[in-house]
Amino acid sequence: MLSVFMFFPHVIQASDEELCEEQGSQCVETRQWNFGLSVGLGIRSNPLFESSDIPLIILPEFSYYGEQFFIENLDIGYTLFDSANRSFNLIATPSYDRVFFNRWDPGNLLVDLSSLSSEGQISIDNSITDNSTHIDPNELSNRDFSYLGGFEFSQEFEHSQIQLSILQDITGVHSGKEIRFAYAYSVNHHLKTTLGFTWKDKNLTDYYYGVDENEIVDDRGVYQADASFNPFVRISFNTQTDESGNNWRLSFEYQKLDQQISQSPILVDDYVMTFYAGKRFQFK
Amino acid sequence: MKSINVNKCVLFVLSIMMFSQLMAEDGKELEHGLFLSPENCFLLNDSQKCDLNIKVRWHLDKKSNVCLYKNQEIVHIQCWKDQSNASIVLFLSVEKDVLFELRSVSGGKTLFTAPLKIYKEVSKLRRKRRNPWSFY
């Protein structure tokens, strides 16, 4: 951590006005809360055993930007460097994996959909199955909420951008690490395609998707997961924002789950698909 | 949902991505909409108005008769006949946000809108975090 501050002894920022006058750049007023709400129809497939797909109807969002500090839903960050085409942030973000195990987890209320890479919502139907190989997640002990902290780098090109986040558990829950990467290509002002992945180390993957010996009382086997690599592809279409900042959006994402996750006895699918179509409203 | 053929879905997405690339090769001129340059104006310390030249550009998918308006005024700024794209440079001296509208002549339907945002000194700006990993 210290080495980063030595590398960037002072916060370096290009003129805000200069950056924001560029056509197409997305700017926000500082020291002000921003609230939004997306209303629409969507669904996310649920790879969990005995679990229902997740409906996506109303998705609230909020953000606050200081000169360097920012909050975006459940993400908290501090901008160390920002220029016309690249930025470098310190970031704290939920691991999100826990939303799978707790219906009322904050991540289920403030849905950062891409982060729900391999999780879903536990079925309201808690009936125990007699399946001999799969395990109902409700039978397992609680998975705790955890926050990841680390660095986030993003680079912008003429029609595309990349983002790389290197994160580690900062709450002492599982001591896991996670790497998030995305490459987004803007076909035009409305259409964007994205390729990316989420890598989770052995500790993180096993904490959420492994099954320990003391968690099961019958003859179904324990499961120990190794590190996992979960690539995704996404296509999204946004209409032009109106005078109030509202717009329509349509997105489809397919995420392939690593075998280390999909072979867990609490999962039945090796993919997660997400579709959402709705209108986003911006409030001030 | 679980019975959906995954391979077909992947193929579908990849096809769309390839189509997207082809569209991109045709360049920005394919974009439909109403576009401003610049989109923002920043008032200096003691200024009350933004004085600027603004380029307004529009592009439609077919030739049409359209007019450009601002702030829902009855009188148009300019009209074009049987055109699919055009641009105009305007000089503005404004204190508040300006909303540009492109309307069709027949029926007066609003086709596109684009706001020019005016920022005063008190509202300092910074760029939003770029977060393509996120679904939004």
# chains A, B, ... in the order shown; residues from 1 in each chain; ligands from 1
call {"tool": "residues_around", "arguments": {"residues": "Val56 (chain B)", "least_positions_apart": "4", "cutoff": "7 Å", "atoms": "only C-alpha atoms", "output": "count of residues only"}}
result
6
call {"tool": "select_by_dssp", "arguments": {"residues": "region 169-251 of chain A", "states": "strand (DSSP E or B)", "output": "ChimeraX atom specification"}}
result
/A:169,177-186,191-200,211,223,228-238,247-251
call {"tool": "closest_residue", "arguments": {"among": "A:Asn85, A:His189, A:Leu56, A:Ile91", "to": "Gly33 (chain B)", "atoms": "only C-alpha atoms"}}
result
A:His189
call {"tool": "residues_around", "arguments": {"residues": "Cys79 (chain B)", "least_positions_apart": "6", "cutoff": "7 Å", "atoms": "only C-alpha atoms", "output": "JSON, numbers by chain"}}
result
{"B": [66, 67, 68]}
call {"tool": "closest_residue", "arguments": {"among": "A:Glu152, A:Arg31, A:Leu140, A:Pro265", "to": "Leu80 (chain A)", "atoms": "only C-alpha atoms"}}
result
A:Glu152
call {"tool": "select_by_dssp", "arguments": {"residues": "region 18-106 of chain B", "states": "helix (DSSP H, G or I)", "output": "tab-separated table (two decimals) with C-alpha atoms, in the first residue's frame"}}
result
chain	number	residue	atom	x	y	z
B	18	MET	CA	-19.24	-9.57	-34.64
B	19	PHE	CA	-22.14	-7.55	-36.01
B	20	SER	CA	-21.20	-4.75	-33.62
B	21	GLN	CA	-17.65	-4.73	-34.94
B	22	LEU	CA	-18.93	-4.49	-38.52
B	23	MET	CA	-21.12	-1.57	-37.55
B	24	ALA	CA	-18.20	0.15	-35.89
B	25	GLU	CA	-16.19	-0.02	-39.07
B	28	LYS	CA	-19.57	7.38	-36.20
B	29	GLU	CA	-21.79	8.63	-38.98
B	30	LEU	CA	-24.06	5.64	-38.44
call {"tool": "atom_distance", "arguments": {"atom1": "CA of Leu164 (chain A)", "atom2": "CA of Gln263 (chain A)"}}
result
27.2 Å
call {"tool": "residues_around", "arguments": {"residues": "Trp58 (chain B)", "least_positions_apart": "5", "cutoff": "6 Å", "atoms": "only C-alpha atoms", "output": "ChimeraX atom specification"}}
result
/B:33-34,85-86
call {"tool": "atom_distance", "arguments": {"atom1": "CA of Leu60 (chain B)", "atom2": "CA of Phe252 (chain A)"}}
result
26.1 Å
call {"tool": "residues_around", "arguments": {"residues": "Pro115 (chain B)", "least_positions_apart": "3", "cutoff": "12 Å", "atoms": "only C-alpha atoms", "output": "PyMOL selection string"}}
result
(chain A and resi 240-246) or (chain B and resi 34-41+54+56+69-72+96-102+112+118)
call {"tool": "atom_distance", "arguments": {"atom1": "CA of Pro137 (chain A)", "atom2": "CA of Gln260 (chain A)"}}
result
16.5 Å
